[in-house]
file model_13.cif (mmCIF, C-alpha atoms and all ligand atoms)
data_my_file
loop_
_atom_site.label_atom_id
_atom_site.label_comp_id
_atom_site.auth_asym_id
_atom_site.auth_seq_id
_atom_site.Cartn_x
_atom_site.Cartn_y
_atom_site.Cartn_z
CA MET A 77 111.94 84.43 99.59
CA LYS A 78 110.25 87.23 101.44
CA ASN A 79 106.48 87.09 101.01
CA ILE A 80 104.44 89.79 102.65
CA VAL A 81 100.74 90.44 102.83
CA LEU A 82 100.23 94.19 102.90
CA PHE A 83 96.95 94.54 104.69
CA GLY A 84 94.39 97.14 105.64
CA PRO A 85 90.95 98.44 104.73
CA PRO A 86 90.23 100.25 101.46
CA GLY A 87 92.04 103.59 101.41
CA ALA A 88 94.65 102.57 103.97
CA GLY A 89 97.46 103.22 101.46
CA LYS A 90 98.41 99.67 100.48
CA GLY A 91 98.85 100.38 96.77
CA THR A 92 100.87 103.56 97.32
CA GLN A 93 103.21 101.89 99.79
CA ALA A 94 103.56 98.69 97.74
CA GLU A 95 104.81 100.73 94.78
CA VAL A 96 107.65 102.13 96.92
CA LEU A 97 108.44 98.95 98.83
CA LYS A 98 108.61 96.69 95.77
CA GLU A 99 111.53 98.78 94.47
CA LYS A 100 113.22 99.04 97.82
CA TYR A 101 113.07 95.29 98.54
CA GLN A 102 113.04 93.97 94.95
CA LEU A 103 109.77 92.14 95.36
CA VAL A 104 106.99 91.46 92.87
CA HIS A 105 103.86 93.46 93.71
CA ILE A 106 100.56 91.75 93.01
CA SER A 107 97.41 93.82 93.49
CA THR A 108 94.29 91.78 92.80
CA GLY A 109 92.28 95.00 92.41
CA ASP A 110 94.72 96.20 89.71
CA VAL A 111 94.46 92.88 87.88
CA PHE A 112 90.66 93.09 87.94
CA ARG A 113 90.76 96.69 86.69
CA TYR A 114 93.15 95.68 83.89
CA ASN A 115 90.68 92.98 82.86
CA ILE A 116 87.76 95.41 82.96
CA LYS A 117 89.67 97.85 80.77
CA ASN A 118 90.49 95.12 78.28
CA GLU A 119 86.91 93.83 78.33
CA THR A 120 87.77 90.23 79.18
CA GLU A 121 85.29 87.72 80.54
CA LEU A 122 86.97 87.92 83.95
CA GLY A 123 86.65 91.72 83.80
CA ALA A 124 82.94 91.58 83.12
CA LEU A 125 82.39 89.19 86.00
CA ALA A 126 84.54 91.17 88.44
CA LYS A 127 82.90 94.47 87.49
CA SER A 128 79.47 93.32 88.57
CA TYR A 129 80.77 92.84 92.12
CA MET A 130 83.23 95.73 92.25
CA ASP A 131 80.63 98.30 91.20
CA LYS A 132 78.57 97.37 94.26
CA GLY A 133 81.54 97.40 96.61
CA HIS A 134 81.34 93.65 97.12
CA LEU A 135 84.11 91.07 96.96
CA VAL A 136 84.59 89.03 93.81
CA PRO A 137 83.91 85.32 94.59
CA ASP A 138 86.81 83.38 96.09
CA GLU A 139 87.01 80.74 93.39
CA VAL A 140 87.58 83.32 90.65
CA THR A 141 89.94 85.44 92.71
CA ILE A 142 92.08 82.54 93.90
CA LYS A 143 92.47 81.16 90.38
CA MET A 144 93.52 84.57 89.12
CA LEU A 145 96.00 85.08 91.98
CA ASN A 146 97.59 81.67 91.36
CA ALA A 147 98.08 82.57 87.71
CA GLU A 148 99.72 85.89 88.66
CA VAL A 149 102.17 84.15 90.98
CA GLU A 150 102.99 81.55 88.32
CA LYS A 151 103.90 84.36 85.90
CA ASN A 152 106.85 85.24 88.15
CA PRO A 153 108.91 82.08 88.67
CA GLU A 154 112.11 84.07 89.29
CA ALA A 155 110.67 86.33 91.99
CA ASN A 156 112.64 87.10 95.13
CA GLY A 157 109.35 87.27 96.91
CA PHE A 158 105.98 88.96 96.69
CA ILE A 159 104.03 91.81 98.17
CA PHE A 160 100.38 90.79 98.12
CA ASP A 161 98.15 93.87 98.08
CA GLY A 162 94.42 93.33 98.45
CA PHE A 163 94.80 89.56 98.78
CA PRO A 164 93.88 87.56 100.82
CA ARG A 165 90.53 89.12 101.75
CA THR A 166 88.78 86.03 103.10
CA GLU A 167 89.80 83.04 105.14
CA ALA A 168 89.42 80.77 102.07
CA GLN A 169 91.85 83.02 100.20
CA ALA A 170 94.32 82.93 103.08
CA GLU A 171 94.18 79.11 103.10
CA ALA A 172 94.69 79.00 99.32
CA LEU A 173 97.66 81.36 99.59
CA SER A 174 99.23 79.24 102.27
CA GLU A 175 98.87 76.15 100.05
CA LEU A 176 100.34 77.95 97.07
CA MET A 177 103.36 79.09 99.11
CA ASP A 178 103.78 75.53 100.44
CA GLU A 179 103.90 74.23 96.89
CA LYS A 180 106.75 76.66 96.22
CA GLY A 181 108.59 75.48 99.33
CA SER A 182 107.98 78.91 100.77
CA GLN A 183 105.60 80.67 103.13
CA ILE A 184 104.00 83.98 104.03
CA ASN A 185 106.50 85.68 106.34
CA ALA A 186 104.24 88.40 107.64
CA MET A 187 101.02 90.29 107.41
CA VAL A 188 101.83 93.97 107.73
CA ALA A 189 98.70 95.99 108.35
CA LEU A 190 98.14 99.70 107.85
CA GLU A 191 95.85 100.93 110.60
CA VAL A 192 93.64 103.92 109.76
CA ASP A 193 90.32 105.11 111.26
CA ASP A 194 87.20 104.55 109.17
CA GLU A 195 86.26 108.22 108.77
CA VAL A 196 89.79 109.01 107.56
CA LEU A 197 89.41 106.19 105.02
CA VAL A 198 86.12 107.56 103.71
CA GLY A 199 87.64 111.04 103.35
CA ARG A 200 90.70 109.68 101.54
CA LEU A 201 88.63 107.60 99.13
CA ILE A 202 86.27 110.48 98.29
CA GLU A 203 89.33 112.60 97.60
CA ARG A 204 90.96 109.86 95.51
CA GLY A 205 87.72 109.50 93.55
CA LYS A 206 88.15 113.00 92.16
CA SER A 207 91.14 111.85 90.11
CA SER A 208 91.47 108.04 90.21
CA GLY A 209 88.83 107.36 87.57
CA ARG A 210 87.75 104.40 89.71
CA ALA A 211 84.00 103.85 89.63
CA ASP A 212 84.09 102.42 93.15
CA ASP A 213 85.73 105.60 94.53
CA ALA A 214 83.14 107.90 92.95
CA ASN A 215 80.22 107.14 95.22
CA GLU A 216 80.18 107.45 99.01
CA GLU A 217 77.65 104.65 99.38
CA VAL A 218 79.90 102.21 97.50
CA ILE A 219 82.91 103.41 99.53
CA ARG A 220 81.03 102.67 102.78
CA GLU A 221 79.94 99.29 101.44
CA ARG A 222 83.56 98.37 100.69
CA ILE A 223 84.51 99.24 104.25
CA ALA A 224 81.54 97.23 105.57
CA GLU A 225 82.59 94.28 103.39
CA TYR A 226 86.07 94.59 104.89
CA TYR A 227 84.65 94.21 108.41
CA ARG A 228 82.32 91.37 107.35
CA LYS A 229 84.89 89.20 105.60
CA THR A 230 88.43 90.50 105.78
CA ASP A 231 89.18 91.95 109.22
CA ILE A 232 89.18 88.43 110.76
CA LEU A 233 92.38 87.68 108.88
CA LYS A 234 94.20 89.65 111.56
CA SER A 235 93.50 86.87 114.02
CA TYR A 236 94.35 84.29 111.37
CA TYR A 237 97.90 85.67 111.06
CA GLN A 238 98.15 86.64 114.74
CA ALA A 239 97.60 82.99 115.60
CA GLN A 240 100.70 82.22 113.50
CA ASP A 241 102.62 85.07 115.13
CA LYS A 242 102.90 86.87 111.80
CA TYR A 243 100.83 89.99 112.37
CA TYR A 244 102.47 93.44 112.46
CA GLY A 245 100.28 96.54 112.82
CA VAL A 246 101.62 99.88 111.61
CA ASP A 247 100.09 103.36 112.06
CA GLY A 248 98.86 104.30 108.58
CA VAL A 249 98.36 108.02 109.23
CA GLY A 250 101.14 110.45 108.29
CA SER A 251 103.12 111.39 105.20
CA ILE A 252 103.87 108.74 102.57
CA GLU A 253 107.56 108.84 103.57
CA GLU A 254 106.82 108.47 107.28
CA ILE A 255 104.65 105.46 106.64
CA THR A 256 107.23 103.88 104.31
CA GLU A 257 109.73 104.31 107.13
CA ARG A 258 107.44 102.53 109.61
CA LEU A 259 106.77 99.70 107.19
CA SER A 260 110.46 99.36 106.37
CA GLU A 261 111.25 98.79 110.05
CA VAL A 262 109.02 95.73 109.89
CA PHE A 263 110.23 94.58 106.44
CA ASP A 264 113.83 94.73 107.68
CA ARG A 265 113.06 92.51 110.65
CA ILE A 266 111.32 89.69 108.81
P1 LIG A 301 91.22 97.19 95.68
O1 LIG A 301 91.87 97.77 94.47
O2 LIG A 301 92.09 96.27 96.44
O3 LIG A 301 90.57 98.25 96.54
O4 LIG A 301 90.01 96.29 95.14
C1 LIG A 301 88.94 96.83 94.41
C2 LIG A 301 87.81 95.82 94.31
O5 LIG A 301 88.28 94.66 93.62
C3 LIG A 301 87.29 95.29 95.64
O6 LIG A 301 86.31 96.14 96.20
C4 LIG A 301 86.71 93.95 95.22
O7 LIG A 301 85.46 94.10 94.56
C5 LIG A 301 87.71 93.48 94.17
N1 LIG A 301 88.81 92.70 94.81
C6 LIG A 301 90.13 93.03 94.86
N2 LIG A 301 90.84 92.10 95.50
C7 LIG A 301 89.94 91.14 95.87
C8 LIG A 301 90.04 89.92 96.59
N3 LIG A 301 91.21 89.50 97.09
N4 LIG A 301 88.91 89.19 96.78
C9 LIG A 301 87.72 89.60 96.28
N5 LIG A 301 87.55 90.75 95.62
C10 LIG A 301 88.65 91.52 95.41
#
call {"tool": "encode", "arguments": {"input": "model_13.cif", "output": "structure tokens"}}
result
Amino acid sequence: MKNIVLFGPPGAGKGTQAEVLKEKYQLVHISTGDVFRYNIKNETELGALAKSYMDKGHLVPDEVTIKMLNAEVEKNPEANGFIFDGFPRTEAQAEALSELMDEKGSQINAMVALEVDDEVLVGRLIERGKSSGRADDANEEVIRERIAEYYRKTDILKSYYQAQDKYYGVDGVGSIEEITERLSEVFDRI
């Protein structure tokens, strides 16, 4: 199994690249943000809970997110491997993911991070907000709060995976194809 955490701040291009890479490497793509949005759209209890955090640009609590992620992984018993997009976002989530992979006799092979400057991120997200229909892309204050939340809780995961020798940073600025190429160089090596 090849299990990869596709990492980076909001607007780094994780979702766009995961869509391409899942086909190329035949992996199951799990985006926790997409699962939350699906639940919001379908007006589930989980959706209502998640929305109250997402609308403010804050992270959904670990307990809820971890339970949901476990369920998504369990839905794919035949998977060749996974691309995790938007998960883990806290150290508790990273620990839970490691345990889950252990249970499957597997592991996270790498964290591949898209590196993009903050002001480029804000510009991209404002632009995306014009067509994405995402409430959290429509307001610059919420966009900045999501980036702040990333630095408060998520950025430290770089050192978490670096300590395991699993961190690969990739320049996330360029055309979609160029960035896919850079990511593929890493995917091919691990
Ligand atoms: P994303 O689509 O990855 O940008 O996520 C959108 C929003 O969903 C985030 O701002 C969080 O509110 C929530 N979210 C997504 N993934 C997670 C996660 N792993 N932990 C906590 N909240 C999350």
call {"tool": "closest_residue", "arguments": {"input": "model_13.cif", "among": "A:Pro86, A:Gly157, A:Gly205, A:Gly250", "to": "A:Leu103", "atoms": "only C-alpha atoms"}}
result
A:Gly157
call {"tool": "residues_around", "arguments": {"input": "model_13.cif", "residues": "A:Gly87", "least_positions_apart": "3", "cutoff": "12 Å", "atoms": "only C-alpha atoms", "output": "ChimeraX atom specification"}}
result
/A:83-84,90-93,161-162,190-205,212-213,219-220,222-223,226,248-249
call {"tool": "write_last_selection", "arguments": {"input": "model_13.cif", "atoms": "C-alpha atoms", "output": "PDB file, in the coordinates of the input"}}
result
ATOM      1  CA  PHE A  83      96.950  94.540 104.690  1.00  0.00           C
ATOM      2  CA  GLY A  84      94.390  97.140 105.640  1.00  0.00           C
ATOM      3  CA  LYS A  90      98.410  99.670 100.480  1.00  0.00           C
ATOM      4  CA  GLY A  91      98.850 100.380  96.770  1.00  0.00           C
ATOM      5  CA  THR A  92     100.870 103.560  97.320  1.00  0.00           C
ATOM      6  CA  GLN A  93     103.210 101.890  99.790  1.00  0.00           C
ATOM      7  CA  ASP A 161      98.150  93.870  98.080  1.00  0.00           C
ATOM      8  CA  GLY A 162      94.420  93.330  98.450  1.00  0.00           C
ATOM      9  CA  LEU A 190      98.140  99.700 107.850  1.00  0.00           C
ATOM     10  CA  GLU A 191      95.850 100.930 110.600  1.00  0.00           C
ATOM     11  CA  VAL A 192      93.640 103.920 109.760  1.00  0.00           C
ATOM     12  CA  ASP A 193      90.320 105.110 111.260  1.00  0.00           C
ATOM     13  CA  ASP A 194      87.200 104.550 109.170  1.00  0.00           C
ATOM     14  CA  GLU A 195      86.260 108.220 108.770  1.00  0.00           C
ATOM     15  CA  VAL A 196      89.790 109.010 107.560  1.00  0.00           C
ATOM     16  CA  LEU A 197      89.410 106.190 105.020  1.00  0.00           C
ATOM     17  CA  VAL A 198      86.120 107.560 103.710  1.00  0.00           C
ATOM     18  CA  GLY A 199      87.640 111.040 103.350  1.00  0.00           C
ATOM     19  CA  ARG A 200      90.700 109.680 101.540  1.00  0.00           C
ATOM     20  CA  LEU A 201      88.630 107.600  99.130  1.00  0.00           C
ATOM     21  CA  ILE A 202      86.270 110.480  98.290  1.00  0.00           C
ATOM     22  CA  GLU A 203      89.330 112.600  97.600  1.00  0.00           C
ATOM     23  CA  ARG A 204      90.960 109.860  95.510  1.00  0.00           C
ATOM     24  CA  GLY A 205      87.720 109.500  93.550  1.00  0.00           C
ATOM     25  CA  ASP A 212      84.090 102.420  93.150  1.00  0.00           C
ATOM     26  CA  ASP A 213      85.730 105.600  94.530  1.00  0.00           C
ATOM     27  CA  ILE A 219      82.910 103.410  99.530  1.00  0.00           C
ATOM     28  CA  ARG A 220      81.030 102.670 102.780  1.00  0.00           C
ATOM     29  CA  ARG A 222      83.560  98.370 100.690  1.00  0.00           C
ATOM     30  CA  ILE A 223      84.510  99.240 104.250  1.00  0.00           C
ATOM     31  CA  TYR A 226      86.070  94.590 104.890  1.00  0.00           C
ATOM     32  CA  GLY A 248      98.860 104.300 108.580  1.00  0.00           C
ATOM     33  CA  VAL A 249      98.360 108.020 109.230  1.00  0.00           C
TER      34      VAL A 249
END
call {"tool": "residues_near_ligand", "arguments": {"input": "model_13.cif", "ligand": "ligand LIG 301 (chain A)", "cutoff": "7 Å", "atoms": "all atoms listed in the file", "output": "VMD selection string"}}
result
chain A and resid 86 107 to 110 112 126 129 to 130 133 to 138 141 161 to 165 222
call {"tool": "residues_around", "arguments": {"input": "model_13.cif", "residues": "A:Leu176", "least_positions_apart": "3", "cutoff": "12 Å", "atoms": "only C-alpha atoms", "output": "list in words"}}
result
Asn79, Ile142, Lys143, Leu145, Asn146, Ala147, Glu148, Val149, Glu150, Gln169, Ala170, Glu171, Ala172, Leu173, Glu179, Lys180, Gly181, Ser182, Gln183 and Ile184 of chain A
call {"tool": "write_last_selection", "arguments": {"input": "model_13.cif", "atoms": "C-alpha atoms", "output": "compact mmCIF listing (two decimals), in the frame of the given file"}}
result
# COMPACT_ATOMS: atom_id res chain seq x y z
CA ASN A 79 106.48 87.09 101.01
CA ILE A 142 92.08 82.54 93.90
CA LYS A 143 92.47 81.16 90.38
CA LEU A 145 96.00 85.08 91.98
CA ASN A 146 97.59 81.67 91.36
CA ALA A 147 98.08 82.57 87.71
CA GLU A 148 99.72 85.89 88.66
CA VAL A 149 102.17 84.15 90.98
CA GLU A 150 102.99 81.55 88.32
CA GLN A 169 91.85 83.02 100.20
CA ALA A 170 94.32 82.93 103.08
CA GLU A 171 94.18 79.11 103.10
CA ALA A 172 94.69 79.00 99.32
CA LEU A 173 97.66 81.36 99.59
CA GLU A 179 103.90 74.23 96.89
CA LYS A 180 106.75 76.66 96.22
CA GLY A 181 108.59 75.48 99.33
CA SER A 182 107.98 78.91 100.77
CA GLN A 183 105.60 80.67 103.13
CA ILE A 184 104.00 83.98 104.03
call {"tool": "closest_residue", "arguments": {"input": "model_13.cif", "among": "A:Lys206, A:Val188, A:Phe263, A:Val140", "to": "A:Val246", "atoms": "all atoms listed in the file"}}
result
A:Val188
call {"tool": "decode", "arguments": {"input": "model_13.cif", "residues": "stretch 176-210 of chain A", "atoms": "N, CA, C and O atoms", "output": "PDB file, in the first residue's frame"}}
result
ATOM      1  N   LEU A 176      -4.389   3.888  12.985  1.00  0.00           N
ATOM      2  CA  LEU A 176      -5.293   3.266  12.010  1.00  0.00           C
ATOM      3  C   LEU A 176      -4.485   2.488  10.960  1.00  0.00           C
ATOM      4  O   LEU A 176      -4.842   1.368  10.589  1.00  0.00           O
ATOM      5  N   MET A 177      -3.395   3.077  10.492  1.00  0.00           N
ATOM      6  CA  MET A 177      -2.555   2.412   9.493  1.00  0.00           C
ATOM      7  C   MET A 177      -1.908   1.163  10.092  1.00  0.00           C
ATOM      8  O   MET A 177      -1.829   0.123   9.448  1.00  0.00           O
ATOM      9  N   ASP A 178      -1.482   1.280  11.350  1.00  0.00           N
ATOM     10  CA  ASP A 178      -0.914   0.124  12.070  1.00  0.00           C
ATOM     11  C   ASP A 178      -1.896  -1.038  12.088  1.00  0.00           C
ATOM     12  O   ASP A 178      -1.528  -2.181  11.824  1.00  0.00           O
ATOM     13  N   GLU A 179      -3.142  -0.712  12.407  1.00  0.00           N
ATOM     14  CA  GLU A 179      -4.183  -1.749  12.468  1.00  0.00           C
ATOM     15  C   GLU A 179      -4.330  -2.463  11.143  1.00  0.00           C
ATOM     16  O   GLU A 179      -4.721  -3.615  11.081  1.00  0.00           O
ATOM     17  N   LYS A 180      -4.033  -1.753  10.055  1.00  0.00           N
ATOM     18  CA  LYS A 180      -4.167  -2.329   8.715  1.00  0.00           C
ATOM     19  C   LYS A 180      -2.866  -2.990   8.282  1.00  0.00           C
ATOM     20  O   LYS A 180      -2.715  -3.382   7.125  1.00  0.00           O
ATOM     21  N   GLY A 181      -1.899  -3.042   9.179  1.00  0.00           N
ATOM     22  CA  GLY A 181      -0.591  -3.604   8.836  1.00  0.00           C
ATOM     23  C   GLY A 181       0.120  -2.736   7.825  1.00  0.00           C
ATOM     24  O   GLY A 181       0.947  -3.203   7.037  1.00  0.00           O
ATOM     25  N   SER A 182      -0.206  -1.457   7.842  1.00  0.00           N
ATOM     26  CA  SER A 182       0.369  -0.534   6.866  1.00  0.00           C
ATOM     27  C   SER A 182       0.956   0.686   7.582  1.00  0.00           C
ATOM     28  O   SER A 182       1.098   0.683   8.806  1.00  0.00           O
ATOM     29  N   GLN A 183       1.263   1.709   6.818  1.00  0.00           N
ATOM     30  CA  GLN A 183       1.821   2.922   7.420  1.00  0.00           C
ATOM     31  C   GLN A 183       1.661   4.097   6.462  1.00  0.00           C
ATOM     32  O   GLN A 183       1.329   3.899   5.300  1.00  0.00           O
ATOM     33  N   ILE A 184       1.899   5.296   6.969  1.00  0.00           N
ATOM     34  CA  ILE A 184       1.993   6.468   6.097  1.00  0.00           C
ATOM     35  C   ILE A 184       3.402   6.449   5.498  1.00  0.00           C
ATOM     36  O   ILE A 184       4.391   6.399   6.230  1.00  0.00           O
ATOM     37  N   ASN A 185       3.476   6.467   4.176  1.00  0.00           N
ATOM     38  CA  ASN A 185       4.791   6.423   3.532  1.00  0.00           C
ATOM     39  C   ASN A 185       5.441   7.792   3.475  1.00  0.00           C
ATOM     40  O   ASN A 185       6.666   7.902   3.531  1.00  0.00           O
ATOM     41  N   ALA A 186       4.607   8.820   3.289  1.00  0.00           N
ATOM     42  CA  ALA A 186       5.193  10.154   3.142  1.00  0.00           C
ATOM     43  C   ALA A 186       4.176  11.243   3.376  1.00  0.00           C
ATOM     44  O   ALA A 186       2.982  11.053   3.143  1.00  0.00           O
ATOM     45  N   MET A 187       4.685  12.384   3.831  1.00  0.00           N
ATOM     46  CA  MET A 187       3.912  13.615   3.777  1.00  0.00           C
ATOM     47  C   MET A 187       4.530  14.441   2.656  1.00  0.00           C
ATOM     48  O   MET A 187       5.731  14.757   2.698  1.00  0.00           O
ATOM     49  N   VAL A 188       3.715  14.732   1.654  1.00  0.00           N
ATOM     50  CA  VAL A 188       4.200  15.545   0.539  1.00  0.00           C
ATOM     51  C   VAL A 188       3.507  16.896   0.640  1.00  0.00           C
ATOM     52  O   VAL A 188       2.279  16.983   0.587  1.00  0.00           O
ATOM     53  N   ALA A 189       4.312  17.932   0.831  1.00  0.00           N
ATOM     54  CA  ALA A 189       3.752  19.253   1.145  1.00  0.00           C
ATOM     55  C   ALA A 189       3.905  20.224  -0.015  1.00  0.00           C
ATOM     56  O   ALA A 189       4.988  20.361  -0.583  1.00  0.00           O
ATOM     57  N   LEU A 190       2.818  20.892  -0.337  1.00  0.00           N
ATOM     58  CA  LEU A 190       2.850  21.954  -1.344  1.00  0.00           C
ATOM     59  C   LEU A 190       3.184  23.259  -0.644  1.00  0.00           C
ATOM     60  O   LEU A 190       2.460  23.688   0.265  1.00  0.00           O
ATOM     61  N   GLU A 191       4.269  23.881  -1.062  1.00  0.00           N
ATOM     62  CA  GLU A 191       4.732  25.099  -0.399  1.00  0.00           C
ATOM     63  C   GLU A 191       4.365  26.327  -1.234  1.00  0.00           C
ATOM     64  O   GLU A 191       4.769  26.442  -2.394  1.00  0.00           O
ATOM     65  N   VAL A 192       3.580  27.209  -0.629  1.00  0.00           N
ATOM     66  CA  VAL A 192       3.085  28.408  -1.322  1.00  0.00           C
ATOM     67  C   VAL A 192       3.061  29.565  -0.316  1.00  0.00           C
ATOM     68  O   VAL A 192       2.629  29.375   0.827  1.00  0.00           O
ATOM     69  N   ASP A 193       3.496  30.762  -0.749  1.00  0.00           N
ATOM     70  CA  ASP A 193       3.486  31.930   0.149  1.00  0.00           C
ATOM     71  C   ASP A 193       2.067  32.335   0.541  1.00  0.00           C
ATOM     72  O   ASP A 193       1.136  32.238  -0.265  1.00  0.00           O
ATOM     73  N   ASP A 194       1.950  32.870   1.750  1.00  0.00           N
ATOM     74  CA  ASP A 194       0.630  33.221   2.295  1.00  0.00           C
ATOM     75  C   ASP A 194      -0.171  34.176   1.407  1.00  0.00           C
ATOM     76  O   ASP A 194      -1.367  33.997   1.223  1.00  0.00           O
ATOM     77  N   GLU A 195       0.486  35.217   0.881  1.00  0.00           N
ATOM     78  CA  GLU A 195      -0.284  36.193   0.098  1.00  0.00           C
ATOM     79  C   GLU A 195      -0.774  35.578  -1.214  1.00  0.00           C
ATOM     80  O   GLU A 195      -1.835  35.946  -1.717  1.00  0.00           O
ATOM     81  N   VAL A 196      -0.023  34.637  -1.753  1.00  0.00           N
ATOM     82  CA  VAL A 196      -0.473  33.908  -2.951  1.00  0.00           C
ATOM     83  C   VAL A 196      -1.700  33.072  -2.583  1.00  0.00           C
ATOM     84  O   VAL A 196      -2.684  33.006  -3.329  1.00  0.00           O
ATOM     85  N   LEU A 197      -1.669  32.472  -1.404  1.00  0.00           N
ATOM     86  CA  LEU A 197      -2.811  31.654  -0.949  1.00  0.00           C
ATOM     87  C   LEU A 197      -4.069  32.499  -0.847  1.00  0.00           C
ATOM     88  O   LEU A 197      -5.129  32.107  -1.337  1.00  0.00           O
ATOM     89  N   VAL A 198      -3.935  33.671  -0.203  1.00  0.00           N
ATOM     90  CA  VAL A 198      -5.112  34.534  -0.026  1.00  0.00           C
ATOM     91  C   VAL A 198      -5.674  34.900  -1.393  1.00  0.00           C
ATOM     92  O   VAL A 198      -6.886  34.799  -1.628  1.00  0.00           O
ATOM     93  N   GLY A 199      -4.805  35.289  -2.316  1.00  0.00           N
ATOM     94  CA  GLY A 199      -5.254  35.663  -3.665  1.00  0.00           C
ATOM     95  C   GLY A 199      -5.963  34.511  -4.360  1.00  0.00           C
ATOM     96  O   GLY A 199      -7.030  34.682  -4.954  1.00  0.00           O
ATOM     97  N   ARG A 200      -5.400  33.314  -4.241  1.00  0.00           N
ATOM     98  CA  ARG A 200      -6.019  32.141  -4.885  1.00  0.00           C
ATOM     99  C   ARG A 200      -7.395  31.851  -4.299  1.00  0.00           C
ATOM    100  O   ARG A 200      -8.329  31.509  -5.011  1.00  0.00           O
ATOM    101  N   LEU A 201      -7.494  31.955  -2.967  1.00  0.00           N
ATOM    102  CA  LEU A 201      -8.767  31.603  -2.317  1.00  0.00           C
ATOM    103  C   LEU A 201      -9.847  32.633  -2.625  1.00  0.00           C
ATOM    104  O   LEU A 201     -11.010  32.272  -2.834  1.00  0.00           O
ATOM    105  N   ILE A 202      -9.463  33.913  -2.694  1.00  0.00           N
ATOM    106  CA  ILE A 202     -10.444  34.945  -3.064  1.00  0.00           C
ATOM    107  C   ILE A 202     -10.943  34.661  -4.479  1.00  0.00           C
ATOM    108  O   ILE A 202     -12.141  34.697  -4.761  1.00  0.00           O
ATOM    109  N   GLU A 203     -10.026  34.312  -5.347  1.00  0.00           N
ATOM    110  CA  GLU A 203     -10.375  33.998  -6.735  1.00  0.00           C
ATOM    111  C   GLU A 203     -11.290  32.758  -6.785  1.00  0.00           C
ATOM    112  O   GLU A 203     -12.302  32.750  -7.481  1.00  0.00           O
ATOM    113  N   ARG A 204     -10.917  31.725  -6.042  1.00  0.00           N
ATOM    114  CA  ARG A 204     -11.715  30.497  -6.027  1.00  0.00           C
ATOM    115  C   ARG A 204     -13.119  30.771  -5.492  1.00  0.00           C
ATOM    116  O   ARG A 204     -14.099  30.182  -5.949  1.00  0.00           O
ATOM    117  N   GLY A 205     -13.201  31.706  -4.535  1.00  0.00           N
ATOM    118  CA  GLY A 205     -14.490  32.040  -3.931  1.00  0.00           C
ATOM    119  C   GLY A 205     -15.504  32.586  -4.915  1.00  0.00           C
ATOM    120  O   GLY A 205     -16.707  32.517  -4.687  1.00  0.00           O
ATOM    121  N   LYS A 206     -15.012  33.122  -6.036  1.00  0.00           N
ATOM    122  CA  LYS A 206     -15.938  33.681  -7.033  1.00  0.00           C
ATOM    123  C   LYS A 206     -16.749  32.580  -7.713  1.00  0.00           C
ATOM    124  O   LYS A 206     -17.805  32.835  -8.252  1.00  0.00           O
ATOM    125  N   SER A 207     -16.223  31.351  -7.700  1.00  0.00           N
ATOM    126  CA  SER A 207     -16.954  30.282  -8.392  1.00  0.00           C
ATOM    127  C   SER A 207     -17.149  29.009  -7.566  1.00  0.00           C
ATOM    128  O   SER A 207     -17.936  28.150  -7.932  1.00  0.00           O
ATOM    129  N   SER A 208     -16.447  28.858  -6.441  1.00  0.00           N
ATOM    130  CA  SER A 208     -16.502  27.563  -5.735  1.00  0.00           C
ATOM    131  C   SER A 208     -17.815  27.352  -4.993  1.00  0.00           C
ATOM    132  O   SER A 208     -18.170  26.219  -4.680  1.00  0.00           O
ATOM    133  N   GLY A 209     -18.510  28.428  -4.684  1.00  0.00           N
ATOM    134  CA  GLY A 209     -19.733  28.288  -3.887  1.00  0.00           C
ATOM    135  C   GLY A 209     -19.422  27.950  -2.434  1.00  0.00           C
ATOM    136  O   GLY A 209     -20.325  27.666  -1.657  1.00  0.00           O
ATOM    137  N   ARG A 210     -18.144  27.976  -2.060  1.00  0.00           N
ATOM    138  CA  ARG A 210     -17.792  27.656  -0.675  1.00  0.00           C
ATOM    139  C   ARG A 210     -17.909  28.898   0.195  1.00  0.00           C
ATOM    140  O   ARG A 210     -17.264  29.917  -0.073  1.00  0.00           O
TER     141      ARG A 210
END
